[in-house]
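Asks: Below you'll find upload_23.csv; it's CSV, N, CA and C atoms and all ligand atoms.
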chain,number,residue,atom,x,y,z
A,15,MET,N,0.8,-1.2,0.0
A,15,MET,CA,0.0,0.0,0.0
A,15,MET,C,0.9,1.3,0.0
A,16,LYS,N,0.5,2.2,-0.8
A,16,LYS,CA,1.3,3.4,-0.9
A,16,LYS,C,1.0,4.3,0.2
A,17,PRO,N,2.0,5.1,0.7
A,17,PRO,CA,1.8,6.0,1.8
A,17,PRO,C,0.6,6.9,1.7
A,18,TYR,N,0.3,7.5,0.5
A,18,TYR,CA,-0.8,8.4,0.4
A,18,TYR,C,-2.2,7.7,0.5
A,19,ALA,N,-2.2,6.4,0.1
A,19,ALA,CA,-3.4,5.6,0.3
A,19,ALA,C,-3.8,5.5,1.7
A,20,LEU,N,-2.9,5.3,2.6
A,20,LEU,CA,-3.1,5.2,4.0
A,20,LEU,C,-3.6,6.5,4.6
A,21,ALA,N,-3.0,7.6,4.1
A,21,ALA,CA,-3.5,8.9,4.5
A,21,ALA,C,-4.9,9.2,4.1
A,22,ILE,N,-5.3,8.8,2.9
A,22,ILE,CA,-6.6,9.0,2.4
A,22,ILE,C,-7.6,8.2,3.2
A,23,LEU,N,-7.3,6.9,3.5
A,23,LEU,CA,-8.1,6.1,4.3
A,23,LEU,C,-8.3,6.7,5.7
A,24,LEU,N,-7.3,7.2,6.3
A,24,LEU,CA,-7.3,7.9,7.6
A,24,LEU,C,-8.2,9.1,7.5
A,25,LEU,N,-8.1,9.9,6.4
A,25,LEU,CA,-8.9,11.1,6.3
A,25,LEU,C,-10.4,10.7,6.2
A,26,ILE,N,-10.7,9.6,5.4
A,26,ILE,CA,-12.1,9.2,5.2
A,26,ILE,C,-12.7,8.8,6.6
A,27,PHE,N,-11.8,8.0,7.4
A,27,PHE,CA,-12.2,7.6,8.7
A,27,PHE,C,-12.6,8.8,9.6
A,28,VAL,N,-11.7,9.8,9.6
A,28,VAL,CA,-11.9,11.0,10.4
A,28,VAL,C,-13.2,11.7,10.0
A,29,VAL,N,-13.4,11.8,8.7
A,29,VAL,CA,-14.6,12.5,8.2
A,29,VAL,C,-15.9,11.8,8.6
A,30,LEU,N,-15.8,10.4,8.6
A,30,LEU,CA,-17.0,9.6,9.0
A,30,LEU,C,-17.3,9.8,10.5
A,31,ILE,N,-16.2,9.8,11.3
A,31,ILE,CA,-16.4,10.0,12.7
A,31,ILE,C,-17.1,11.4,13.0
A,32,VAL,N,-16.5,12.4,12.3
A,32,VAL,CA,-17.1,13.8,12.5
A,32,VAL,C,-18.5,13.8,12.1
A,33,LEU,N,-18.9,13.2,11.0
A,33,LEU,CA,-20.3,13.2,10.5
A,33,LEU,C,-21.2,12.5,11.5
A,34,ILE,N,-20.7,11.3,12.1
A,34,ILE,CA,-21.6,10.6,13.0
A,34,ILE,C,-21.8,11.5,14.3
A,35,PHE,N,-20.8,12.2,14.8
A,35,PHE,CA,-21.0,13.0,16.0
A,35,PHE,C,-21.8,14.2,15.6
A,36,ALA,N,-21.6,14.8,14.5
A,36,ALA,CA,-22.4,16.0,14.1
A,36,ALA,C,-23.9,15.7,13.9
A,37,SER,N,-24.2,14.5,13.6
A,37,SER,CA,-25.6,14.2,13.4
A,37,SER,C,-26.4,13.8,14.7
A,38,GLU,N,-25.6,13.6,15.8
A,38,GLU,CA,-26.2,13.3,17.1
A,38,GLU,C,-26.9,14.6,17.6
A,39,PRO,N,-28.1,14.4,18.1
A,39,PRO,CA,-28.8,15.6,18.7
A,39,PRO,C,-28.0,16.0,20.0
A,40,VAL,N,-27.9,17.2,20.3
A,40,VAL,CA,-27.2,17.7,21.5
A,40,VAL,C,-28.0,17.2,22.7
A,41,SER,N,-29.3,17.3,22.7
A,41,SER,CA,-30.0,16.9,23.8
A,41,SER,C,-31.5,16.6,23.3
A,42,THR,N,-32.1,15.6,24.0
A,42,THR,CA,-33.5,15.3,23.6
A,42,THR,C,-34.4,16.3,24.2
A,43,CYS,N,-33.9,17.3,25.0
A,43,CYS,CA,-34.8,18.3,25.6
A,43,CYS,C,-34.9,19.5,24.8
A,44,GLN,N,-34.3,19.6,23.6
A,44,GLN,CA,-34.3,20.9,22.9
A,44,GLN,C,-35.5,21.0,22.0
A,45,GLU,N,-36.2,19.9,21.6
A,45,GLU,CA,-37.4,20.1,20.7
A,45,GLU,C,-38.3,19.0,21.0
A,46,ASP,N,-39.6,19.1,20.6
A,46,ASP,CA,-40.6,18.2,20.8
A,46,ASP,C,-40.4,17.0,19.9
A,47,LEU,N,-39.9,15.9,20.4
A,47,LEU,CA,-39.5,14.7,19.6
A,47,LEU,C,-40.5,13.5,19.8
A,48,TYR,N,-41.1,13.5,20.9
A,48,TYR,CA,-41.9,12.3,21.2
A,48,TYR,C,-43.3,12.6,21.6
A,49,ASN,N,-44.2,11.6,21.4
A,49,ASN,CA,-45.6,11.6,21.9
A,49,ASN,C,-45.8,10.4,22.7
A,50,CYS,N,-46.8,10.3,23.4
A,50,CYS,CA,-47.1,9.1,24.3
A,50,CYS,C,-47.1,7.9,23.5
A,51,ASN,N,-47.6,7.9,22.2
A,51,ASN,CA,-47.7,6.7,21.4
A,51,ASN,C,-46.4,6.2,20.9
A,52,ASN,N,-45.3,7.0,21.2
A,52,ASN,CA,-43.9,6.5,20.9
A,52,ASN,C,-43.4,5.6,21.9
A,53,PHE,N,-44.1,5.4,23.0
A,53,PHE,CA,-43.6,4.6,24.1
A,53,PHE,C,-44.5,3.4,24.3
A,54,THR,N,-43.9,2.3,24.8
A,54,THR,CA,-44.7,1.1,25.0
A,54,THR,C,-45.2,1.0,26.5
A,55,SER,N,-44.6,1.8,27.4
A,55,SER,CA,-45.0,1.8,28.8
A,55,SER,C,-45.0,3.2,29.4
A,56,GLN,N,-45.7,3.4,30.4
A,56,GLN,CA,-45.7,4.6,31.1
A,56,GLN,C,-44.3,4.9,31.7
A,57,GLU,N,-43.6,3.9,32.2
A,57,GLU,CA,-42.3,4.0,32.8
A,57,GLU,C,-41.3,4.6,31.7
A,58,ALA,N,-41.4,4.1,30.5
A,58,ALA,CA,-40.5,4.6,29.4
A,58,ALA,C,-40.7,6.0,29.1
A,59,ALA,N,-42.0,6.4,29.1
A,59,ALA,CA,-42.3,7.8,28.9
A,59,ALA,C,-41.9,8.7,30.0
A,60,GLN,N,-42.0,8.2,31.3
A,60,GLN,CA,-41.6,8.9,32.4
A,60,GLN,C,-40.1,9.2,32.5
A,61,GLU,N,-39.4,8.1,32.0
A,61,GLU,CA,-37.9,8.3,32.0
A,61,GLU,C,-37.5,9.4,31.1
A,62,VAL,N,-38.1,9.5,29.9
A,62,VAL,CA,-37.8,10.6,29.0
A,62,VAL,C,-38.3,12.0,29.5
A,63,PHE,N,-39.5,11.9,30.1
A,63,PHE,CA,-40.0,13.1,30.7
A,63,PHE,C,-39.1,13.7,31.8
A,64,ASP,N,-38.6,12.7,32.7
A,64,ASP,CA,-37.7,13.1,33.8
A,64,ASP,C,-36.4,13.7,33.4
A,65,LEU,N,-35.9,13.4,32.1
A,65,LEU,CA,-34.7,13.9,31.6
A,65,LEU,C,-34.7,15.4,31.5
A,66,CYS,N,-35.8,16.0,31.2
A,66,CYS,CA,-35.9,17.4,30.9
A,66,CYS,C,-36.5,18.2,32.0
A,67,ASP,N,-36.1,19.4,32.2
A,67,ASP,CA,-36.6,20.3,33.2
A,67,ASP,C,-38.0,20.7,32.9
A,68,GLU,N,-38.3,20.9,31.6
A,68,GLU,CA,-39.6,21.3,31.1
A,68,GLU,C,-40.2,20.2,30.3
A,69,ASP,N,-41.5,20.2,30.1
A,69,ASP,CA,-42.2,19.2,29.4
A,69,ASP,C,-42.2,19.5,27.9
A,70,VAL,N,-41.0,19.5,27.3
A,70,VAL,CA,-40.8,19.9,25.9
A,70,VAL,C,-41.6,18.9,24.9
A,71,HIS,N,-41.8,17.7,25.4
A,71,HIS,CA,-42.4,16.7,24.5
A,71,HIS,C,-43.9,16.6,24.7
A,72,HIS,N,-44.4,17.4,25.6
A,72,HIS,CA,-45.8,17.4,26.0
A,72,HIS,C,-46.4,16.0,26.3
A,73,LEU,N,-45.6,15.4,27.3
A,73,LEU,CA,-46.0,14.1,27.7
A,73,LEU,C,-46.9,14.2,29.0
A,74,ASP,N,-47.0,15.3,29.6
A,74,ASP,CA,-47.7,15.5,30.8
A,74,ASP,C,-48.7,16.6,30.7
A,75,SER,N,-49.8,16.3,30.0
A,75,SER,CA,-50.8,17.4,29.6
A,75,SER,C,-51.5,18.0,30.8
A,76,ASN,N,-51.7,17.3,31.9
A,76,ASN,CA,-52.3,17.8,33.1
A,76,ASN,C,-51.4,18.4,34.1
A,77,ASN,N,-50.1,18.4,33.8
A,77,ASN,CA,-49.0,19.0,34.7
A,77,ASN,C,-49.0,18.4,36.1
A,78,ASP,N,-49.2,17.1,36.3
A,78,ASP,CA,-49.1,16.6,37.6
A,78,ASP,C,-47.8,15.8,37.8
A,79,GLY,N,-46.9,15.9,36.9
A,79,GLY,CA,-45.6,15.3,37.0
A,79,GLY,C,-45.6,13.8,36.6
A,80,ILE,N,-46.7,13.3,36.2
A,80,ILE,CA,-46.8,11.9,35.7
A,80,ILE,C,-47.0,12.0,34.2
A,81,ALA,N,-46.0,11.4,33.5
A,81,ALA,CA,-46.1,11.4,32.0
A,81,ALA,C,-47.0,10.3,31.5
A,82,CYS,N,-47.8,10.6,30.5
A,82,CYS,CA,-48.6,9.6,29.8
A,82,CYS,C,-49.3,8.6,30.6
A,83,GLU,N,-50.2,9.1,31.5
A,83,GLU,CA,-51.0,8.3,32.3
A,83,GLU,C,-51.9,7.3,31.5
A,84,SER,N,-52.1,7.6,30.3
A,84,SER,CA,-52.9,6.7,29.5
A,84,SER,C,-52.2,5.4,29.1
A,85,LEU,N,-50.9,5.4,29.2
A,85,LEU,CA,-50.2,4.1,28.9
A,85,LEU,C,-50.2,3.2,30.1
A,86,THR,N,-50.1,1.9,29.8
A,86,THR,CA,-50.2,0.9,30.9
A,86,THR,C,-48.8,0.9,31.6
A,87,THR,N,-48.8,0.6,32.8
A,87,THR,CA,-47.6,0.5,33.6
A,87,THR,C,-47.2,-1.0,33.6
A,88,THR,N,-45.9,-1.3,33.7
A,88,THR,CA,-45.4,-2.6,33.7
A,88,THR,C,-45.5,-3.3,35.1
A,89,GLN,N,-45.8,-2.5,36.1
A,89,GLN,CA,-45.8,-3.0,37.5
A,89,GLN,C,-47.2,-3.2,37.9
A,101,CA,CA,-49.9,13.8,33.8
Could I get this structure in the form of structure tokens?

Replies:
Amino acid sequence: MKPYALAILLLIFVVLIVLIFASEPVSTCQEDLYNCNNFTSQEAAQEVFDLCDEDVHHLDSNNDGIACESLTTTQ
């Protein structure tokens, strides 16, 4: 393998890594990404709800701190 071929492969690798990290959302709390029907259980919805200081995903419509009461609990 010629030396420049290795350099090109390394460059492609670095570009791919940068693209993967650049496409990651900074935080799931920055925009409304989920609805209750995206979750299979109330606990899963609660976990996402608890991550954010505010109810950005509108999972707690009656503001009682419990997300997606309409979903079944696993317990
Ligand atoms: Ca609620």

Asks: Point out the residue among A:Asp78, A:Glu61, A:Glu68, A:Asp46 with the least atom-to-atom distance to ligand CA 101 (chain A), counting only C-alpha atoms and all ligand atoms.

Replies: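 Under the stated criterion, the closest residue is A:Asp78.
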
Asks: Around ligand CA 101 (chain A), which protein and nucleic acid residues have at least one atom no more than 6 Å from it, if we count all atoms listed in the file? List them as a list in words.

Replies: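 Residues lying within 6 Å of ligand CA 101 (chain A): Leu73, Asp74, Ser75, Asn76, Asn77, Asp78, Gly79, Ile80, Ala81, Cys82 and Glu83 of chain A.
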
Asks: Could the residues in this selection be written to a file with N, CA and C atoms, as an mmCIF file, in the coordinates of the input?

Replies:
data_model
loop_
_atom_site.group_PDB
_atom_site.id
_atom_site.type_symbol
_atom_site.label_atom_id
_atom_site.label_comp_id
_atom_site.auth_asym_id
_atom_site.auth_seq_id
_atom_site.Cartn_x
_atom_site.Cartn_y
_atom_site.Cartn_z
ATOM 1 N N LEU A 73 -45.600 15.400 27.300
ATOM 2 C CA LEU A 73 -46.000 14.100 27.700
ATOM 3 C C LEU A 73 -46.900 14.200 29.000
ATOM 4 N N ASP A 74 -47.000 15.300 29.600
ATOM 5 C CA ASP A 74 -47.700 15.500 30.800
ATOM 6 C C ASP A 74 -48.700 16.600 30.700
ATOM 7 N N SER A 75 -49.800 16.300 30.000
ATOM 8 C CA SER A 75 -50.800 17.400 29.600
ATOM 9 C C SER A 75 -51.500 18.000 30.800
ATOM 10 N N ASN A 76 -51.700 17.300 31.900
ATOM 11 C CA ASN A 76 -52.300 17.800 33.100
ATOM 12 C C ASN A 76 -51.400 18.400 34.100
ATOM 13 N N ASN A 77 -50.100 18.400 33.800
ATOM 14 C CA ASN A 77 -49.000 19.000 34.700
ATOM 15 C C ASN A 77 -49.000 18.400 36.100
ATOM 16 N N ASP A 78 -49.200 17.100 36.300
ATOM 17 C CA ASP A 78 -49.100 16.600 37.600
ATOM 18 C C ASP A 78 -47.800 15.800 37.800
ATOM 19 N N GLY A 79 -46.900 15.900 36.900
ATOM 20 C CA GLY A 79 -45.600 15.300 37.000
ATOM 21 C C GLY A 79 -45.600 13.800 36.600
ATOM 22 N N ILE A 80 -46.700 13.300 36.200
ATOM 23 C CA ILE A 80 -46.800 11.900 35.700
ATOM 24 C C ILE A 80 -47.000 12.000 34.200
ATOM 25 N N ALA A 81 -46.000 11.400 33.500
ATOM 26 C CA ALA A 81 -46.100 11.400 32.000
ATOM 27 C C ALA A 81 -47.000 10.300 31.500
ATOM 28 N N CYS A 82 -47.800 10.600 30.500
ATOM 29 C CA CYS A 82 -48.600 9.600 29.800
ATOM 30 C C CYS A 82 -49.300 8.600 30.600
ATOM 31 N N GLU A 83 -50.200 9.100 31.500
ATOM 32 C CA GLU A 83 -51.000 8.300 32.300
ATOM 33 C C GLU A 83 -51.900 7.300 31.500
#

Asks: Quick one, how far is CA of Ile31 (chain A) from CA of Tyr18 (chain A)?

Replies: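 Going from CA of Ile31 (chain A) over to CA of Tyr18 (chain A), I get 19.9 Å.
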
Asks: In Å, with one decimal, what is the gap from CA of Cys66 (chain A) to CA of Leu30 (chain A)?

Replies: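 Spanning CA of Cys66 (chain A) to CA of Leu30 (chain A) is a straight-line distance of 30.0 Å.
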
Asks: Mind giving me the axis-aligned box for region 67-77 of chain A with 4 Å on every side, centre plus edges in Å to one decimal, as lines of an AutoDock Vina configuration file?

Replies:
center_x = -44.2
center_y = 17.7
center_z = 30.3
size_x = 24.2
size_y = 15.2
size_z = 19.6

Asks: Take atom N of His71 (chain A) and atom C of Cys50 (chain A) and report the distance between them in Å, one decimal.

Replies: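 Value for the atom N of His71 (chain A)-atom C of Cys50 (chain A) distance: 11.3 Å.
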
Asks: Skipping near chain neighbours, those fewer than 2 positions away, what residues fall within 7 Å of Ser55 (chain A) using only C-alpha atoms, listed as a compact mmCIF listing (two decimals) with N, CA and C atoms, in the frame of the given file?

Replies:
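Saved result, out19.txt, follows:
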# COMPACT_ATOMS: atom_id res chain seq x y z
N PHE A 53 -44.10 5.40 23.00
CA PHE A 53 -43.60 4.60 24.10
C PHE A 53 -44.50 3.40 24.30
N GLU A 57 -43.60 3.90 32.20
CA GLU A 57 -42.30 4.00 32.80
C GLU A 57 -41.30 4.60 31.70
N ALA A 58 -41.40 4.10 30.50
CA ALA A 58 -40.50 4.60 29.40
C ALA A 58 -40.70 6.00 29.10
N ALA A 59 -42.00 6.40 29.10
CA ALA A 59 -42.30 7.80 28.90
C ALA A 59 -41.90 8.70 30.00
N LEU A 85 -50.90 5.40 29.20
CA LEU A 85 -50.20 4.10 28.90
C LEU A 85 -50.20 3.20 30.10
N THR A 86 -50.10 1.90 29.80
CA THR A 86 -50.20 0.90 30.90
C THR A 86 -48.80 0.90 31.60
N THR A 87 -48.80 0.60 32.80
CA THR A 87 -47.60 0.50 33.60
C THR A 87 -47.20 -1.00 33.60
N THR A 88 -45.90 -1.30 33.70
CA THR A 88 -45.40 -2.60 33.70
C THR A 88 -45.50 -3.30 35.10

Asks: Find the residue from A:Val28, A:His72, A:Ile34, A:Phe63 that sits nearest to Leu47 (chain A); use all atoms listed in the file when measuring.

Replies: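 So, comparing all the options, the nearest one is A:His72.
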
Asks: Pick out the closest residue to Gln60 (chain A) from this set: A:Ile22, A:Glu45, A:Phe27, A:Ser84. Count only C-alpha atoms.

Replies: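 The answer is A:Ser84, which sits nearest to Gln60 (chain A).
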
Asks: Mind checking DSSP for chain A and telling me the helix (DSSP H, G or I) residues as a VMD selection string?

Replies: chain A and resid 17 to 37 50 to 52 56 to 65
